[in-house]
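This report refers to the structure that appears directly beneath it.
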Amino acid sequence: MDFWTQVSRLILKGRFFILIVIAAFTYFLASQMQYMRFSYTEANLLPSNHEVNVEYDHFLKLFGEEGNIIILAVQDSTIFTPKKFNDWNALSQKIKQFPEIDFTVGIGDIKKLKRNKKKQKFDVEPLYVKDPQTKEEVLKIKHELFDNLPFFDNFLYNKKTGTIRTVIYLKKDIVNTSIRKDFIFNTLNPIIDKFEKDNNIDVRVSGMPYIRTMNAQNIIDEIGMFVGLALGITALIFFFFFRSFRATFITLLVVSIGVIWAFGFIGLFRYEISVLMALIPPLIIVIGVPNAIFLINKYQQEVKKHGNQAKSLQRVISKIGNATLMTNVTTASGFATFIFTKSQLLKEFGIIASINILGIFVLALLIIPIIYSFMPLPKEKHLKHLERKWIEKAVKWMESIVRNHRFTVYATTIALIIVSMIGIYKIKVSGSLIEDMPKGKQFFKDIVFFEEEFGGIMPLEIVIDTKKEKGVMNLATLRRMNKLDETIDEIPQLSKSISILNLVKYSKQAFYSGKPKYYQLPNNQEKNWILAYTKNSTSNVKFLNNFVDSTGRYARMTTFMKDIGTDKMSRIEERLQQKIAKVFPEKSYSVMLTGKALVFLKGTHFLINNLIVSLSLAIILIALFMAFMFRSFRMIVISLIPNIFPLLLTAGLMGYLGVPIKPSTILVFSIAFGISVDDTIHFLAKYRQELKANNWRIKQSVYAALRETGVSMFYTSIVLFFGFLVFTISSFGGTIALGGLVSITLLFAMVSNLLLLPSLLLSLEKKIANKEIFKEPTLDILSSEDKK
C-alpha cells in the first residue's frame, strides 16, 4: 500500500474528527481577524539598515515627521467677496481649535514683519485687523497679499490663477496613527463639506496625511469587492462547466474557509494590510477553485467508470493528492521566493501567500472528499459535462496540431520570441508614490490640481550640515543655499523651496519698509543688523521654526515634487547632486537629499532588483522540483520552456503597450510562473503514467495525456484567467496591471502547455523517454487506473 492510499483511508475513516479540527482551527483564525491592521504609513520598500533609510531616519530625528501637512485650496473668484472670504478664514480658525492640530497658516493667520528702529527688531502685525465687510476691503487685502508679500508666494497663493490655500499642520505624533484617520473622516471632511454647501465653492484637499488616509480607505473598500467578485465569477464559471449546484456549493465552502484563514493569518502575524496584502484573500479564491476542479472532475470521472463511491473517493485522494500537492507547492514556491528579498513588504506578502496556498490545498483535499462521502452519488445530469462535444472538438484540434503541425508550432514560437525580445527592449522602469493610486477618485484629481497650481505634493528634503553651531546663519552658507534654490526654481517638476532663506529675504524686505523689490538676501554691509533683527523675530513665524535645528548647525530646504516616473526623478537627483557638489565644499559642508519622494525612488529600484532575484529563485526552485520528479536535465529544460515562453510574451507585450516595469508589474512574473507550471506538472505526470501503461510508447502516451488532462487544464486556466481579470476593475493602477498581465500570461501558458509541451515531447522522444528517467514512483498520480 503506497503513501497516498494510506492517506485516503485516514481521511475517509477519520472524517468526523477532521471536520471538528478544521472547524476549531477556522474559529481560532477567525478570532485573530480582530488584530488585522491597516497601514498608516507609506510602504517602505527598503530594508531598515539601508543607507537611504538611515539618512531619512537621521532627518526625522533632526526635524521630526515631514509629512504632517494637509492643504486646502480654493480656485474661485467669488472667494474674494466678503461673506465667502470671511467664511474661508473662519474655517481655518475652526480647524485650528481641534486637539489634533498643531497650527494652521491661512490668510487670516498672516503676520507682517514691520521694522522697529527703536528696539532694533521686527514687530509683527496682522494682515488685517477685522473681517472685511465690503468687496473693496477684500480686494485691498488681496492686493497686499499678492503684490507686496512674495514671502507667501506659492505657499498661500498663486498670483497667476488667483488660487488661495490654507496649510494645516497636524501634530507630528498622530501622523502615523489611527487618530489621523479618525480626525480626517469624522472631523475634517464633514467641516469642509459644510463649507462647500454653505458657500457653493469647491474646496481642494491634499497633503500626504490626507492622501494616505483616503487611499487606505479605498483599499479597505476594495477588499470586500474583490472577495465578492472573485467568489461570484469563479462560482459562475465553475457552475457553467459542471452544471452542479452542490459541486459549486462545496467549492465555495472550501474557498470561503480559505479566505477566513487568509485574514486570520494576517491578524495572527500582526501584519498590516497594504495594497499588496489586500490581494491575498481573492488570490486564494482564484487559486483554490482549480484545486476543486481537479478533485471534483476526477471524482465524477471515477463515478462514471464504475459507480462505486468509496472507491471513487479513495482514488480522488490517492491519484490527485500528490499532483495537487506538487502543483500547490510550486505555486507557493513562486510566492515564497519573495521571502528571500530584503523588502519587509514583500517578505510579509510572500509568507502569508505561500502559507495560505498550502492551506487551501489541505482544505480542498480534506473537505471535498469528506463532504461527498456524506452525499449520494452524482446524477447522470451532473456527469454530462464529461462528454461535451465542443470540449472534445477542442481537444481533437489540439491533438491534430501536435500530431501534424509541430513545425508550425515551433516556427510560431520562435517568431513570437523574436518579436517579444524587441518589445522587451522598449520597456521602461518607472514608479512614483501616487501613480498607482485610483485616478477616478476626487483626492487624486486634487493631487493633479495642486501639481498644476503649486508644483507638487511629494516632499523632497535637502539637509545641509554646516559642521558647526550657528553655521546656518552665516551669510556664506545662505548664499550657497540661494544658489541651490535657483537650481530648484529652474526644474519644472519641483515647487519653489521653503527654507530659512525665505525668512531672511523677508527680513530684508521688512527692513526696507516692506518694498517687494528688497525680497532678497542681504549683502555684507546689511547682514549684521538685518540678521540681528531676524533672530529677534523668528519665533513669530512658527511654520519656519522647523527649518533650522536647535543648534543652528543643520538647515533644511523643502521642495515638493510632481508625480513623475523614477527615470525623471533620477535625473533630477543627479542634477541637484551636481549643483551641491559645486556649491558646497566637502570640507565645510555635508549635504544629503532625502524625503519620502527620494526614499520611494530608491525603494523602487531596490525592489525591482530584488524581484528579478525572486523570479530567478522561482525558476531555480521549480527546476529543482522537476529534477526531483524526472531525474533528467532534458526533462527539466522541456518542462521550463513552455512556462518561460509566456513570460517573454508578456514582457514583450508590456514594451509595445508602454506598460513600465514597476513594483506592481514585476510581481506578475513570479506569480504567473509559479501558477502556470501547475499545468506542466499535471500533463507530465499523466504522460509518465501513460508511458508505463503503454510500454514506453511515446506517441500514444502523449496523445492520451493530452486527451485526459486537456479538459482539466482548460477549465482551470479559464477560471484563473477570469479570476485574475477581476483585479482589472480595481481603481489602483498597479492592481489593474497585475490582474491584466497575470491573466494574459496564464492564457499564454495554457496554450503553451497544450501545444508546445507535447510537441517537444514528441520531437525529442528518443532522447527523453526511457525507464531510467521515470524509475522513481514520484508521479503515479493522475486520472486513469494503474495498469493491472
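Chains: A, B, ... in order of the C-alpha cells. Residues: from 1 per chain. Ligands: from 1, in order shown.
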Exercise for the section: Just list the residues in region 153-377 of chain A DSSP gives helix (DSSP H, G or I) on the backbone, as a ChimeraX atom specification. Expected result: /A:172-174,178-199,208-242,245-268,277-306,309-340,344-374
Write out as a tab-separated table the residues of region 602-694 of chain A that have any atom within 12 Å of an atom of region 288-293 of chain A, one row each with the nearest atom pair and its distance in Å to one decimal, counting only C-alpha atoms, sorted by chain and then rising number.
residue	atom	partner	partner_atom	distance
A:Ile675	CA	A:Pro290	CA	10.5
A:Ser676	CA	A:Pro290	CA	11.8
A:Asp678	CA	A:Pro290	CA	10.1
A:Asp679	CA	A:Pro290	CA	10.6
A:His682	CA	A:Asn291	CA	11.7
Export of prior selection with N, CA and C atoms as a compact mmCIF listing (two decimals), in the first residue's frame:
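Dumped everything to selection.txt:
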# COMPACT_ATOMS: atom_id res chain seq x y z
N ILE A 675 2.21 29.71 -10.98
CA ILE A 675 0.90 29.11 -11.25
C ILE A 675 0.91 28.32 -12.55
N SER A 676 1.54 28.87 -13.60
CA SER A 676 1.47 28.23 -14.92
C SER A 676 2.18 26.88 -14.95
N ASP A 678 1.92 24.62 -12.94
CA ASP A 678 1.00 23.58 -12.48
C ASP A 678 0.50 22.71 -13.63
N ASP A 679 0.14 23.36 -14.75
CA ASP A 679 -0.35 22.62 -15.91
C ASP A 679 0.72 21.67 -16.43
N HIS A 682 0.81 18.59 -14.13
CA HIS A 682 -0.32 17.70 -14.39
C HIS A 682 -0.14 16.92 -15.69
If we count only C-alpha atoms, what is near region 608-618 of chain A at a cut-off of 6 Å, once residues fewer than 2 positions away on the same chain are taken out, given as a short mmCIF file (atom, residue, chain, number, x, y, z; two decimals) with all heavy atoms, in the first residue's frame?
data_model
loop_
_atom_site.label_atom_id
_atom_site.label_comp_id
_atom_site.auth_asym_id
_atom_site.auth_seq_id
_atom_site.Cartn_x
_atom_site.Cartn_y
_atom_site.Cartn_z
N GLY A 334 6.52 30.03 -5.95
CA GLY A 334 6.59 31.28 -6.69
C GLY A 334 6.40 32.48 -5.78
O GLY A 334 7.07 33.51 -5.93
N THR A 337 9.37 32.85 -2.83
CA THR A 337 10.66 33.46 -3.19
C THR A 337 10.72 34.94 -2.76
O THR A 337 11.80 35.49 -2.59
CB THR A 337 10.91 33.37 -4.71
OG1 THR A 337 9.78 33.91 -5.41
CG2 THR A 337 11.12 31.93 -5.14
N PHE A 338 9.55 35.58 -2.58
CA PHE A 338 9.54 36.96 -2.10
C PHE A 338 10.12 37.06 -0.69
O PHE A 338 10.58 38.12 -0.27
CB PHE A 338 8.12 37.53 -2.09
CG PHE A 338 7.49 37.61 -3.45
CD1 PHE A 338 6.16 37.26 -3.64
CD2 PHE A 338 8.21 38.03 -4.56
CE1 PHE A 338 5.57 37.32 -4.90
CE2 PHE A 338 7.64 38.11 -5.81
CZ PHE A 338 6.31 37.75 -5.98
N THR A 341 13.69 38.24 -0.48
CA THR A 341 14.05 39.62 -0.78
C THR A 341 14.33 40.36 0.53
O THR A 341 13.99 39.88 1.61
CB THR A 341 12.91 40.35 -1.53
OG1 THR A 341 11.79 40.46 -0.65
CG2 THR A 341 12.51 39.58 -2.77
N HIS A 605 13.79 51.07 -7.26
CA HIS A 605 14.94 50.40 -7.91
C HIS A 605 15.37 49.18 -7.10
O HIS A 605 15.67 48.12 -7.67
CB HIS A 605 16.10 51.38 -8.07
CG HIS A 605 15.89 52.40 -9.14
ND1 HIS A 605 15.72 52.06 -10.46
CD2 HIS A 605 15.79 53.75 -9.10
CE1 HIS A 605 15.54 53.16 -11.19
NE2 HIS A 605 15.58 54.20 -10.38
N PHE A 606 15.42 49.34 -5.79
CA PHE A 606 15.82 48.23 -4.92
C PHE A 606 14.85 47.05 -5.07
O PHE A 606 15.26 45.90 -5.18
CB PHE A 606 15.85 48.72 -3.47
CG PHE A 606 16.23 47.66 -2.47
CD1 PHE A 606 17.55 47.37 -2.21
CD2 PHE A 606 15.25 46.95 -1.78
CE1 PHE A 606 17.91 46.41 -1.29
CE2 PHE A 606 15.59 45.97 -0.86
CZ PHE A 606 16.92 45.70 -0.61
N ILE A 620 14.72 28.56 -10.49
CA ILE A 620 15.67 27.56 -9.97
C ILE A 620 14.96 26.56 -9.06
O ILE A 620 15.16 25.34 -9.17
CB ILE A 620 16.82 28.26 -9.21
CG1 ILE A 620 17.69 29.07 -10.18
CG2 ILE A 620 17.67 27.24 -8.45
CD1 ILE A 620 18.66 30.01 -9.50
N LEU A 621 14.11 27.09 -8.17
CA LEU A 621 13.41 26.22 -7.22
C LEU A 621 12.50 25.23 -7.93
O LEU A 621 12.48 24.03 -7.62
CB LEU A 621 12.61 27.10 -6.26
CG LEU A 621 12.11 26.44 -4.96
CD1 LEU A 621 13.28 25.91 -4.14
CD2 LEU A 621 11.33 27.46 -4.13
N SER A 670 6.79 36.37 -11.25
CA SER A 670 6.94 35.32 -10.24
C SER A 670 5.61 34.63 -9.98
O SER A 670 5.53 33.40 -9.85
CB SER A 670 7.48 35.90 -8.93
OG SER A 670 8.79 36.36 -9.11
#
For Val591 (chain A), find every residue with an atom within 10 Å (counting only C-alpha atoms), except residues of its own chain fewer than 6 positions away, and show them as a PDB file with all heavy atoms, in the first residue's frame.
ATOM      1  N   ILE A 462      16.264  68.562   1.481  1.00  0.00           N
ATOM      2  CA  ILE A 462      17.711  68.742   1.386  1.00  0.00           C
ATOM      3  C   ILE A 462      18.199  69.205   2.758  1.00  0.00           C
ATOM      4  O   ILE A 462      17.729  70.235   3.271  1.00  0.00           O
ATOM      5  CB  ILE A 462      18.083  69.779   0.315  1.00  0.00           C
ATOM      6  CG1 ILE A 462      17.513  69.361  -1.050  1.00  0.00           C
ATOM      7  CG2 ILE A 462      19.600  69.953   0.235  1.00  0.00           C
ATOM      8  CD1 ILE A 462      17.579  70.432  -2.113  1.00  0.00           C
ATOM      9  N   VAL A 463      19.074  68.420   3.364  1.00  0.00           N
ATOM     10  CA  VAL A 463      19.596  68.750   4.694  1.00  0.00           C
ATOM     11  C   VAL A 463      21.060  69.189   4.555  1.00  0.00           C
ATOM     12  O   VAL A 463      21.886  68.453   4.006  1.00  0.00           O
ATOM     13  CB  VAL A 463      19.485  67.553   5.656  1.00  0.00           C
ATOM     14  CG1 VAL A 463      20.062  67.912   7.021  1.00  0.00           C
ATOM     15  CG2 VAL A 463      18.033  67.112   5.799  1.00  0.00           C
ATOM     16  N   ILE A 464      21.360  70.384   5.046  1.00  0.00           N
ATOM     17  CA  ILE A 464      22.713  70.947   4.938  1.00  0.00           C
ATOM     18  C   ILE A 464      23.347  70.980   6.320  1.00  0.00           C
ATOM     19  O   ILE A 464      22.847  71.641   7.232  1.00  0.00           O
ATOM     20  CB  ILE A 464      22.658  72.370   4.342  1.00  0.00           C
ATOM     21  CG1 ILE A 464      22.038  72.307   2.934  1.00  0.00           C
ATOM     22  CG2 ILE A 464      24.045  73.003   4.295  1.00  0.00           C
ATOM     23  CD1 ILE A 464      21.379  73.569   2.502  1.00  0.00           C
ATOM     24  N   ASP A 465      24.419  70.242   6.471  1.00  0.00           N
ATOM     25  CA  ASP A 465      25.177  70.212   7.727  1.00  0.00           C
ATOM     26  C   ASP A 465      26.357  71.163   7.586  1.00  0.00           C
ATOM     27  O   ASP A 465      27.275  70.923   6.797  1.00  0.00           O
ATOM     28  CB  ASP A 465      25.648  68.779   7.998  1.00  0.00           C
ATOM     29  CG  ASP A 465      26.476  68.666   9.274  1.00  0.00           C
ATOM     30  OD1 ASP A 465      26.596  69.676  10.004  1.00  0.00           O
ATOM     31  OD2 ASP A 465      27.000  67.564   9.539  1.00  0.00           O
ATOM     32  N   THR A 466      26.329  72.255   8.355  1.00  0.00           N
ATOM     33  CA  THR A 466      27.414  73.250   8.264  1.00  0.00           C
ATOM     34  C   THR A 466      28.631  72.864   9.108  1.00  0.00           C
ATOM     35  O   THR A 466      29.647  73.561   9.094  1.00  0.00           O
ATOM     36  CB  THR A 466      26.914  74.634   8.718  1.00  0.00           C
ATOM     37  OG1 THR A 466      26.544  74.553  10.102  1.00  0.00           O
ATOM     38  CG2 THR A 466      25.721  75.078   7.880  1.00  0.00           C
ATOM     39  N   TYR A 554      22.253  72.628  11.450  1.00  0.00           N
ATOM     40  CA  TYR A 554      21.614  71.985  10.296  1.00  0.00           C
ATOM     41  C   TYR A 554      20.518  72.874   9.713  1.00  0.00           C
ATOM     42  O   TYR A 554      19.685  73.423  10.445  1.00  0.00           O
ATOM     43  CB  TYR A 554      20.979  70.647  10.688  1.00  0.00           C
ATOM     44  CG  TYR A 554      21.964  69.601  11.130  1.00  0.00           C
ATOM     45  CD1 TYR A 554      22.293  69.454  12.479  1.00  0.00           C
ATOM     46  CD2 TYR A 554      22.567  68.743  10.212  1.00  0.00           C
ATOM     47  CE1 TYR A 554      23.189  68.478  12.896  1.00  0.00           C
ATOM     48  CE2 TYR A 554      23.467  67.768  10.622  1.00  0.00           C
ATOM     49  CZ  TYR A 554      23.777  67.645  11.962  1.00  0.00           C
ATOM     50  OH  TYR A 554      24.662  66.673  12.376  1.00  0.00           O
ATOM     51  N   ALA A 555      20.506  73.012   8.401  1.00  0.00           N
ATOM     52  CA  ALA A 555      19.439  73.723   7.696  1.00  0.00           C
ATOM     53  C   ALA A 555      18.682  72.737   6.814  1.00  0.00           C
ATOM     54  O   ALA A 555      19.256  71.753   6.321  1.00  0.00           O
ATOM     55  CB  ALA A 555      20.016  74.840   6.844  1.00  0.00           C
ATOM     56  N   ARG A 556      17.432  73.035   6.632  1.00  0.00           N
ATOM     57  CA  ARG A 556      16.569  72.150   5.826  1.00  0.00           C
ATOM     58  C   ARG A 556      15.914  72.970   4.717  1.00  0.00           C
ATOM     59  O   ARG A 556      15.374  74.042   4.964  1.00  0.00           O
ATOM     60  CB  ARG A 556      15.509  71.548   6.735  1.00  0.00           C
ATOM     61  CG  ARG A 556      14.344  70.869   6.052  1.00  0.00           C
ATOM     62  CD  ARG A 556      13.292  70.534   7.103  1.00  0.00           C
ATOM     63  NE  ARG A 556      12.105  69.916   6.553  1.00  0.00           N
ATOM     64  CZ  ARG A 556      11.000  69.696   7.242  1.00  0.00           C
ATOM     65  NH1 ARG A 556      10.942  70.050   8.515  1.00  0.00           N
ATOM     66  NH2 ARG A 556       9.953  69.129   6.668  1.00  0.00           N
ATOM     67  N   GLN A 577      22.538  66.891  -7.221  1.00  0.00           N
ATOM     68  CA  GLN A 577      23.808  66.446  -6.632  1.00  0.00           C
ATOM     69  C   GLN A 577      24.989  67.163  -7.282  1.00  0.00           C
ATOM     70  O   GLN A 577      25.967  67.509  -6.611  1.00  0.00           O
ATOM     71  CB  GLN A 577      23.967  64.926  -6.774  1.00  0.00           C
ATOM     72  CG  GLN A 577      22.998  64.101  -5.947  1.00  0.00           C
ATOM     73  CD  GLN A 577      23.336  64.105  -4.462  1.00  0.00           C
ATOM     74  OE1 GLN A 577      24.120  64.923  -3.984  1.00  0.00           O
ATOM     75  NE2 GLN A 577      22.736  63.186  -3.715  1.00  0.00           N
ATOM     76  N   ILE A 580      25.040  70.624  -5.830  1.00  0.00           N
ATOM     77  CA  ILE A 580      25.506  70.562  -4.433  1.00  0.00           C
ATOM     78  C   ILE A 580      27.016  70.392  -4.377  1.00  0.00           C
ATOM     79  O   ILE A 580      27.714  71.069  -3.603  1.00  0.00           O
ATOM     80  CB  ILE A 580      24.798  69.404  -3.692  1.00  0.00           C
ATOM     81  CG1 ILE A 580      23.313  69.750  -3.441  1.00  0.00           C
ATOM     82  CG2 ILE A 580      25.494  69.083  -2.377  1.00  0.00           C
ATOM     83  CD1 ILE A 580      22.466  68.577  -3.012  1.00  0.00           C
ATOM     84  N   ALA A 581      27.546  69.491  -5.220  1.00  0.00           N
ATOM     85  CA  ALA A 581      28.994  69.249  -5.239  1.00  0.00           C
ATOM     86  C   ALA A 581      29.763  70.509  -5.644  1.00  0.00           C
ATOM     87  O   ALA A 581      30.872  70.766  -5.167  1.00  0.00           O
ATOM     88  CB  ALA A 581      29.313  68.105  -6.204  1.00  0.00           C
ATOM     89  N   PHE A 584      28.726  73.471  -2.458  1.00  0.00           N
ATOM     90  CA  PHE A 584      29.069  73.193  -1.060  1.00  0.00           C
ATOM     91  C   PHE A 584      30.362  72.363  -0.974  1.00  0.00           C
ATOM     92  O   PHE A 584      30.346  71.170  -1.265  1.00  0.00           O
ATOM     93  CB  PHE A 584      27.931  72.432  -0.366  1.00  0.00           C
ATOM     94  CG  PHE A 584      26.672  73.222  -0.203  1.00  0.00           C
ATOM     95  CD1 PHE A 584      25.669  73.169  -1.167  1.00  0.00           C
ATOM     96  CD2 PHE A 584      26.483  74.035   0.903  1.00  0.00           C
ATOM     97  CE1 PHE A 584      24.492  73.893  -1.032  1.00  0.00           C
ATOM     98  CE2 PHE A 584      25.308  74.780   1.057  1.00  0.00           C
ATOM     99  CZ  PHE A 584      24.317  74.708   0.078  1.00  0.00           C
ATOM    100  N   PRO A 585      31.483  72.976  -0.608  1.00  0.00           N
ATOM    101  CA  PRO A 585      32.737  72.214  -0.485  1.00  0.00           C
ATOM    102  C   PRO A 585      32.641  71.158   0.620  1.00  0.00           C
ATOM    103  O   PRO A 585      32.094  71.425   1.699  1.00  0.00           O
ATOM    104  CB  PRO A 585      33.780  73.291  -0.144  1.00  0.00           C
ATOM    105  CG  PRO A 585      32.992  74.449   0.369  1.00  0.00           C
ATOM    106  CD  PRO A 585      31.657  74.401  -0.289  1.00  0.00           C
TER     107      PRO A 585
END
Exercise for the section: Taking the DSSP assignment computed from this structure's backbone, write out as a VMD selection string all residues of region 402-583 of chain A that belong to strand (DSSP E or B). Expected result: chain A and resid 429 458 to 465 494 498 548 554 to 561
Cut-off 12 Å: closest region 710-751 of chain A/region 397-413 of chain A atom pairs per residue, using only C-alpha atoms, as a tab-separated table:
residue	atom	partner	partner_atom	distance
A:Gly710	CA	A:Met398	CA	8.8
A:Val711	CA	A:Met398	CA	11.2
A:Phe714	CA	A:Met398	CA	11.5
A:Phe748	CA	A:Thr413	CA	11.2
A:Met750	CA	A:Met398	CA	11.7
A:Val751	CA	A:Met398	CA	9.4
Restricted to N, CA, C and O atoms, what would the selected residues look like written as a compact mmCIF listing (two decimals), in the first residue's frame?
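Saved result, again_35.txt, follows:
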# COMPACT_ATOMS: atom_id res chain seq x y z
N GLY A 710 -6.19 17.66 -20.90
CA GLY A 710 -6.54 18.86 -21.66
C GLY A 710 -7.79 19.55 -21.13
O GLY A 710 -7.83 20.77 -21.01
N VAL A 711 -8.81 18.75 -20.78
CA VAL A 711 -10.07 19.32 -20.31
C VAL A 711 -9.87 20.06 -18.98
O VAL A 711 -10.27 21.21 -18.81
N PHE A 714 -7.83 23.15 -19.39
CA PHE A 714 -8.63 24.22 -19.99
C PHE A 714 -9.54 24.85 -18.94
O PHE A 714 -9.61 26.07 -18.82
N PHE A 748 -1.52 32.59 -22.16
CA PHE A 748 -0.38 32.16 -22.98
C PHE A 748 0.16 30.82 -22.48
O PHE A 748 0.51 29.93 -23.28
N MET A 750 -1.37 28.41 -20.86
CA MET A 750 -2.27 27.29 -21.18
C MET A 750 -2.01 26.80 -22.61
O MET A 750 -1.85 25.59 -22.85
N VAL A 751 -2.00 27.74 -23.56
CA VAL A 751 -1.76 27.36 -24.96
C VAL A 751 -0.39 26.72 -25.11
O VAL A 751 -0.22 25.71 -25.81
Problem - For region 182-189 of chain A: contacts at 9 Å, only C-alpha atoms, fewer than 2 positions along chain excluded, given as number ranges by chain - result: A: 95, 98, 100, 178-180, 191-194, 209-210, 213-214
Practice task
Write out as a ChimeraX atom specification the residues lying within 7 Å of region 160-170 of chain A, counting only C-alpha atoms and excluding same-chain residues fewer than 2 positions away.
Solution key: /A:68-75,92,100-106,156-158,172,175
Exercise for the section: Pick out the residues sitting within 8 Å of Leu460 (chain A), and hand them over as an MDAnalysis selection string; count only C-alpha atoms, and ignore anything fewer than 5 positions along from it in its own chain. Expected result: chainID A and resid 558:561 593:598
Can you spit out the residues from that selection as a PDB file, in the first residue's frame, using C-alpha atoms?
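part_25.pdb written:
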ATOM      1  CA  THR A 558      11.937  71.535   1.404  1.00  0.00           C
ATOM      2  CA  THR A 559      10.581  71.339  -2.111  1.00  0.00           C
ATOM      3  CA  PHE A 560       7.671  69.331  -3.479  1.00  0.00           C
ATOM      4  CA  MET A 561       7.834  67.048  -6.480  1.00  0.00           C
ATOM      5  CA  LEU A 593      18.997  64.511  -0.264  1.00  0.00           C
ATOM      6  CA  THR A 594      16.169  62.679   1.454  1.00  0.00           C
ATOM      7  CA  GLY A 595      12.397  62.796   1.927  1.00  0.00           C
ATOM      8  CA  LYS A 596       9.606  60.409   1.015  1.00  0.00           C
ATOM      9  CA  ALA A 597       9.874  61.051  -2.732  1.00  0.00           C
ATOM     10  CA  LEU A 598      13.555  60.048  -2.782  1.00  0.00           C
TER      11      LEU A 598
END
Exercise for the section: One decimal, Å: what's the distance from CA of Val316 (chain A) over to CA of Ile367 (chain A), could you say? Expected result: 12.2 Å
Completion exercise
Between CA of Tyr533 (chain A) and CA of Asp109 (chain A) lies a distance of 21.5 Å
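Taking only C-alpha atoms into account, Phe195 (chain A) lies nearest to A:Leu91 out of the set A:Leu91, A:Ala476, A:Val448, A:Ile339.
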At a cut-off of 10 Å, can you tabulate as JSON lines every residue of region 677-782 of chain A near region 231-241 of chain A together with its closest atom pair and the distance in Å to one decimal, using only C-alpha atoms and ordering rows by chain then number?
{"residue": "A:Tyr715", "atom": "CA", "partner": "A:Phe241", "partner_atom": "CA", "distance": 7.4}
{"residue": "A:Thr716", "atom": "CA", "partner": "A:Phe238", "partner_atom": "CA", "distance": 9.2}
{"residue": "A:Ile718", "atom": "CA", "partner": "A:Ile237", "partner_atom": "CA", "distance": 8.1}
{"residue": "A:Val719", "atom": "CA", "partner": "A:Thr234", "partner_atom": "CA", "distance": 6.0}
{"residue": "A:Leu720", "atom": "CA", "partner": "A:Thr234", "partner_atom": "CA", "distance": 8.3}
{"residue": "A:Phe721", "atom": "CA", "partner": "A:Thr234", "partner_atom": "CA", "distance": 9.9}
{"residue": "A:Phe722", "atom": "CA", "partner": "A:Ile233", "partner_atom": "CA", "distance": 7.3}
{"residue": "A:Gly723", "atom": "CA", "partner": "A:Thr234", "partner_atom": "CA", "distance": 6.2}
{"residue": "A:Leu725", "atom": "CA", "partner": "A:Ile233", "partner_atom": "CA", "distance": 9.9}
{"residue": "A:Val726", "atom": "CA", "partner": "A:Ile233", "partner_atom": "CA", "distance": 8.2}
Handout entry: Given only C-alpha atoms as the counted atoms, nearest of A:Glu144, A:Asp76, A:Asp221, A:Glu196 to Phe38 (chain A)
Key =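 Closest candidate: A:Asp221.
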Can you build me a table of region 337-356 of chain A residues sitting at most 12 Å from region 45-64 of chain A, with the closest atom pair per residue and its distance in Å to one decimal, using only C-alpha atoms, sorted by chain and residue number, as CSV?
residue,atom,partner,partner_atom,distance
A:Thr341,CA,A:Pro47,CA,9.5
A:Lys342,CA,A:Pro47,CA,5.9
A:Ser343,CA,A:Leu45,CA,5.5
A:Gln344,CA,A:Pro47,CA,6.7
A:Leu345,CA,A:Leu45,CA,6.5
A:Leu346,CA,A:Leu45,CA,8.2
A:Lys347,CA,A:Leu45,CA,10.5
A:Glu348,CA,A:Leu45,CA,11.9
Exercise for the section: Check the smallest atom-to-atom distance from each of A:Arg270, A:Arg37, A:Lys121, A:Lys13 to Phe511 (chain A) using only C-alpha atoms, then report the winner. Expected result: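 When distances to Phe511 (chain A) are compared using only C-alpha atoms, the smallest one comes from A:Lys121.
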Practice task
Could you check which of A:Leu358, A:Ile500, A:Val7, A:Ile661 is closest to Lys319 (chain A), using only C-alpha atoms?
Solution key: A:Val7
Exercise for the section: Take CA of Tyr27 (chain A) and CA of Asn356 (chain A) and report the distance between them in Å, one decimal. Expected result: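 Interatomic distance, CA of Tyr27 (chain A) to CA of Asn356 (chain A): 15.9 Å.
Proximity of A:Thr745, A:Thr26, A:Ser31, A:Ser495 to Ala651 (chain A), computed with only C-alpha atoms, is greatest for A:Thr745.
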